[in-house]
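Take a look at the structure below.
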Amino acid sequence: MKKLISVAAIENGTVIDHIPAGQGTQLVRLLRLTAHKKKVTLLLNLPSQSMGYKDLIKVEAREISEEEASQIAVFAPKATLNIIREYHVVKKFTVTMPEHIEKVIRCPNERCITNHEREISTRFGVNRFGNKVQLVCQFCEKSFTHDTY
Amino acid sequence: MERIFEGKELMKGKDILSAKEMTKTEILALLDRALEMKKNPFEPILKGHLMASCFFEPSTRTRLSFEAAMKRLGGEVIGFSEVSSTATQKGESLSDAMKIIGLYADVIVIRHPLEGSARQAAIATEKPVINAGDGANEHPTQTLLDLFTMRECQGKLEGLSIAFVGDLLHGRTVHSLALALRHFAPRLYLVSPPSLAMQDSILQELKKSEISFSFHQSIEEIIDKVDILFMTRIQKERFRNPDEYQRVKDQLILTPDLLKDARKNLKVLHPLPRVNEIAKEVDDTEYAYYFQQAENGIYVRSALLATVLGK
């Protein structure tokens, strides 16, 4: 009984697993799940053998694409996505780090033009140094690590 | 706009937004063109062309040298020198403003307090955009004129020993210049108070390019080792703590007696304006080269305008 999670399985949609604990809410925002008109379940601080603790998101009636998933890779580099149809996992994939991240995150530099003109879509280059991931704003050219956000 | 520059071909239609993204070939071609302009100044090759000079924040030397360059080459200038005379005051976006100005002019020169604004302007218009300073980010024409001046006074750019002195943390001039110098295998001496040392992201880039550099806290330590002494202003407005400013502001002042051990070929550069970091008496020494450096701005900007306009 201890291992049971008191949340119903979803019929159709996506389960995002292996999110680092504390990043779940960030991913809900990045994937704009609060605007999703169907049920979204966010589970925080679940015990995990490989991660210690993890977050998990279940999204009813939306299949998140590999391209969309790559946009969250900076925050959840080991996330796995399960696409569910009629209660069965029909596809499972891990996120891949993209070369660019567009639109989903805002530039932390308050002096960046992207924070002052509404119609501009943000765009970041992604650099990897070992385990570290660095984002470079293509507008103001400032670099950031993901923990800046 | 597309990059069409390759080798000695002209950079017609190209945006000049960041010195960091310019290749060695592009830089050298522009410096050669600027030298040509200096030798044969002000032929009316831009007659019939119109430059929009869009200064959303005040500037004297940069704006006047761009406008002078355009007019000396036979071109015309429209524009504004403060934001209060624009529709931006009424809430118009930069994108809209640039799109419209791009319909009027052949080339746009923009200075704007926000970082990344020149890139946004370049996205909004089909016309070439030259960044004349976007906040603390980039000022590529300053970098080009600094490189031009170094080559002019030393006869080469490769393998120079260069000291950057002053505020190396905040100054966009030294950041852009240090990164542009990566193409020319310099030896860099970074002279600053520890609290104003060059930021780590720039140092990482220098390391990646295998550029040798070392840290110092006084001009005496390095004066006999360098070809270029590049002085910068310690900017009061950058300090959150006024006590810290008071503590460091007078630490790195160049006086004639500090130059007694200098190499014969040493030249002192400064992007200007200076406050007190170079004593007035240095102006009369053979080492001072900062006024020639300021003059070179007009030739470098002339070369850029002609090049992006395909002339």
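Numbering starts fresh at 1 for the residues of each chain in the structure tokens, the chains themselves are lettered A, B, ... in the order given, and ligands are numbered from 1 as they appear.
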Step one, run DSSP on the backbone; step two, keep only residues of segment 131-293 of chain B assigned to strand (DSSP E or B); then write them as an MDAnalysis selection string. chainID B and resid 131:134 161:165 187:191 212:216 228:231 254 267:269 278 288
Test item: residues at most 6 Å from Cys112 of chain A, only C-alpha atoms, excluding those fewer than 3 positions along its chain, as number ranges by chain: A: 109, 115, 140; B: 114-116
Output for the residues just chosen: N, CA, C and O atoms as a PDB file, in the first residue's frame:
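Saved result, again05.pdb, follows:
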ATOM      1  N   ASN A 109      17.936  38.497 -17.719  1.00  0.00           N
ATOM      2  CA  ASN A 109      18.541  39.835 -17.730  1.00  0.00           C
ATOM      3  C   ASN A 109      17.436  40.884 -17.913  1.00  0.00           C
ATOM      4  O   ASN A 109      16.847  41.001 -18.987  1.00  0.00           O
ATOM      5  N   ASN A 115      12.578  41.467 -22.606  1.00  0.00           N
ATOM      6  CA  ASN A 115      11.713  41.702 -21.445  1.00  0.00           C
ATOM      7  C   ASN A 115      10.972  43.032 -21.540  1.00  0.00           C
ATOM      8  O   ASN A 115      10.254  43.410 -20.615  1.00  0.00           O
ATOM      9  N   CYS A 140      20.594  39.566 -25.950  1.00  0.00           N
ATOM     10  CA  CYS A 140      21.522  40.371 -25.144  1.00  0.00           C
ATOM     11  C   CYS A 140      22.882  39.699 -24.998  1.00  0.00           C
ATOM     12  O   CYS A 140      23.810  40.294 -24.448  1.00  0.00           O
TER      13      CYS A 140
ATOM     14  N   LEU B 114      18.729  49.346 -24.140  1.00  0.00           N
ATOM     15  CA  LEU B 114      18.440  47.942 -23.805  1.00  0.00           C
ATOM     16  C   LEU B 114      19.332  46.977 -24.589  1.00  0.00           C
ATOM     17  O   LEU B 114      19.594  47.181 -25.780  1.00  0.00           O
ATOM     18  N   GLU B 115      19.760  45.924 -23.911  1.00  0.00           N
ATOM     19  CA  GLU B 115      20.672  44.963 -24.523  1.00  0.00           C
ATOM     20  C   GLU B 115      19.913  44.050 -25.489  1.00  0.00           C
ATOM     21  O   GLU B 115      18.851  43.539 -25.153  1.00  0.00           O
ATOM     22  N   GLY B 116      20.474  43.877 -26.670  1.00  0.00           N
ATOM     23  CA  GLY B 116      19.811  43.066 -27.679  1.00  0.00           C
ATOM     24  C   GLY B 116      18.917  43.886 -28.599  1.00  0.00           C
ATOM     25  O   GLY B 116      18.310  43.354 -29.535  1.00  0.00           O
TER      26      GLY B 116
END
Among listed residues B:Ile162, B:Val174, B:Ala105, B:Leu31, nearest Val129 of chain B (using only C-alpha atoms):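 Among the listed residues, the smallest separation from Val129 of chain B belongs to B:Ala105.
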Do you have, as JSON lines, the list of residues of chain A lying at most 10 Å from chain B, each with its nearest atom pair and that distance in Å to one decimal, counting only C-alpha atoms and ordered by chain then number?
{"residue": "A:Asn109", "atom": "CA", "partner": "B:Glu115", "partner_atom": "CA", "distance": 8.8}
{"residue": "A:Glu110", "atom": "CA", "partner": "B:Leu114", "partner_atom": "CA", "distance": 9.0}
{"residue": "A:Arg111", "atom": "CA", "partner": "B:Leu114", "partner_atom": "CA", "distance": 5.4}
{"residue": "A:Cys112", "atom": "CA", "partner": "B:Glu115", "partner_atom": "CA", "distance": 4.7}
{"residue": "A:Ile113", "atom": "CA", "partner": "B:Leu114", "partner_atom": "CA", "distance": 5.4}
{"residue": "A:Thr114", "atom": "CA", "partner": "B:Gly116", "partner_atom": "CA", "distance": 7.7}
{"residue": "A:Asn115", "atom": "CA", "partner": "B:Leu114", "partner_atom": "CA", "distance": 9.5}
{"residue": "A:His116", "atom": "CA", "partner": "B:Leu114", "partner_atom": "CA", "distance": 8.5}
{"residue": "A:Glu117", "atom": "CA", "partner": "B:Ser93", "partner_atom": "CA", "distance": 6.6}
{"residue": "A:Arg118", "atom": "CA", "partner": "B:Ser93", "partner_atom": "CA", "distance": 8.7}
{"residue": "A:Glu119", "atom": "CA", "partner": "B:Ser95", "partner_atom": "CA", "distance": 8.7}
{"residue": "A:Ile120", "atom": "CA", "partner": "B:Gln120", "partner_atom": "CA", "distance": 7.9}
{"residue": "A:Cys137", "atom": "CA", "partner": "B:Gly116", "partner_atom": "CA", "distance": 8.8}
{"residue": "A:Gln138", "atom": "CA", "partner": "B:Gly116", "partner_atom": "CA", "distance": 7.8}
{"residue": "A:Phe139", "atom": "CA", "partner": "B:Gly116", "partner_atom": "CA", "distance": 4.1}
{"residue": "A:Cys140", "atom": "CA", "partner": "B:Gly116", "partner_atom": "CA", "distance": 4.1}
{"residue": "A:Glu141", "atom": "CA", "partner": "B:Asn137", "partner_atom": "CA", "distance": 7.2}
{"residue": "A:Lys142", "atom": "CA", "partner": "B:Asn137", "partner_atom": "CA", "distance": 8.1}
{"residue": "A:Ser143", "atom": "CA", "partner": "B:Ser201", "partner_atom": "CA", "distance": 7.8}
{"residue": "A:Phe144", "atom": "CA", "partner": "B:Ser201", "partner_atom": "CA", "distance": 9.9}
Please identify which residues in segment 73-181 of chain B DSSP calls helix (DSSP H, G or I) from the backbone, and express them as a PyMOL selection string. chain B and resi 83-85+87-90+94-104+117-124+140-154+172-181
So that I can check the surroundings of Tyr87 of chain A, please list as a list in words every protein, DNA and RNA residue that reaches within 12 Å of it, counting only C-alpha atoms and ignoring chain neighbours fewer than 3 positions away.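 Returned residues: Ala8, Ala9, Ile10, Glu11, Asn12, Gly13, Thr14, Val15, Glu60, Ala61, Asn82, Ile83, Ile84, Val90 and Lys91 of chain A.
For the atom pair formed by atom CA of Phe80 of chain B and atom CA of Phe148 of chain B, the distance is 28.4 Å, given to one decimal.
Between Leu31 of chain A and the candidates A:Val89, A:Ile19, A:Val95, A:Val104, the tightest atom-to-atom separation, counting only C-alpha atoms, involves A:Val104.
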Pick out the residues sitting within 12 Å of Leu206 of chain B, and hand them over as a PyMOL selection string; count only C-alpha atoms, and ignore anything fewer than 4 positions along from it in its own chain. chain B and resi 175-188+198-202+210-214
For a test of reading the model, state the distance in Å between atom CA of Val136 of chain A and atom CA of Val107 of chain B, rounded to one decimal.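 We find that atom CA of Val136 of chain A and atom CA of Val107 of chain B lie 27.8 Å from each other.
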Within 9 Å of segment 51-68 of chain B using only C-alpha atoms, minus same-chain residues under 3 positions, as a VMD selection string: chain B and resid 71 to 73 75 to 84 86 101 to 102 104 to 113 132 to 133 141 to 142 294 to 295 297 to 299 301 to 302 305
Shortest interatomic distance to Ala124 of chain B - which of B:Pro194, B:Pro256, B:Asp15, B:His139, counting only C-alpha atoms: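 Distance minimum relative to Ala124 of chain B lands on B:Asp15.
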So which residues touch Gln293 of chain B within 8 Å, counting only C-alpha atoms, skipping near sequence neighbours fewer than 5 positions away, as an MDAnalysis selection string? chainID B and resid 145:146 149 269:271
Using C-alpha atoms, can you write the selected residues to a file as a short mmCIF file (atom, residue, chain, number, x, y, z; two decimals), in the first residue's frame?
data_model
loop_
_atom_site.label_atom_id
_atom_site.label_comp_id
_atom_site.auth_asym_id
_atom_site.auth_seq_id
_atom_site.Cartn_x
_atom_site.Cartn_y
_atom_site.Cartn_z
CA LEU B 145 38.42 51.31 -34.24
CA ASP B 146 40.45 50.00 -31.29
CA THR B 149 44.40 51.92 -33.96
CA LEU B 269 44.85 53.97 -25.74
CA HIS B 270 41.57 54.92 -24.09
CA PRO B 271 38.01 54.74 -25.51
#
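Counting only C-alpha atoms and comparing A:Asn127, A:Ser121, A:Thr34, A:Thr80, the residue that lies closest to Pro98 of chain A is A:Asn127.
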Give me the residues near Thr145 of chain A as a PyMOL selection string, where near means some atom within 7 Å (using only C-alpha atoms) and where sequence neighbours in that chain fewer than 4 positions away do not count. chain A and resi 133-135
Using only C-alpha atoms, can you tell me which of B:Leu157, B:Leu258, B:Val300, B:Leu169 comes closest to Arg238 of chain B? B:Leu169
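Here atom CA of Glu102 of chain A stands at a distance of 7.6 Å from atom CA of Gln71 of chain A.
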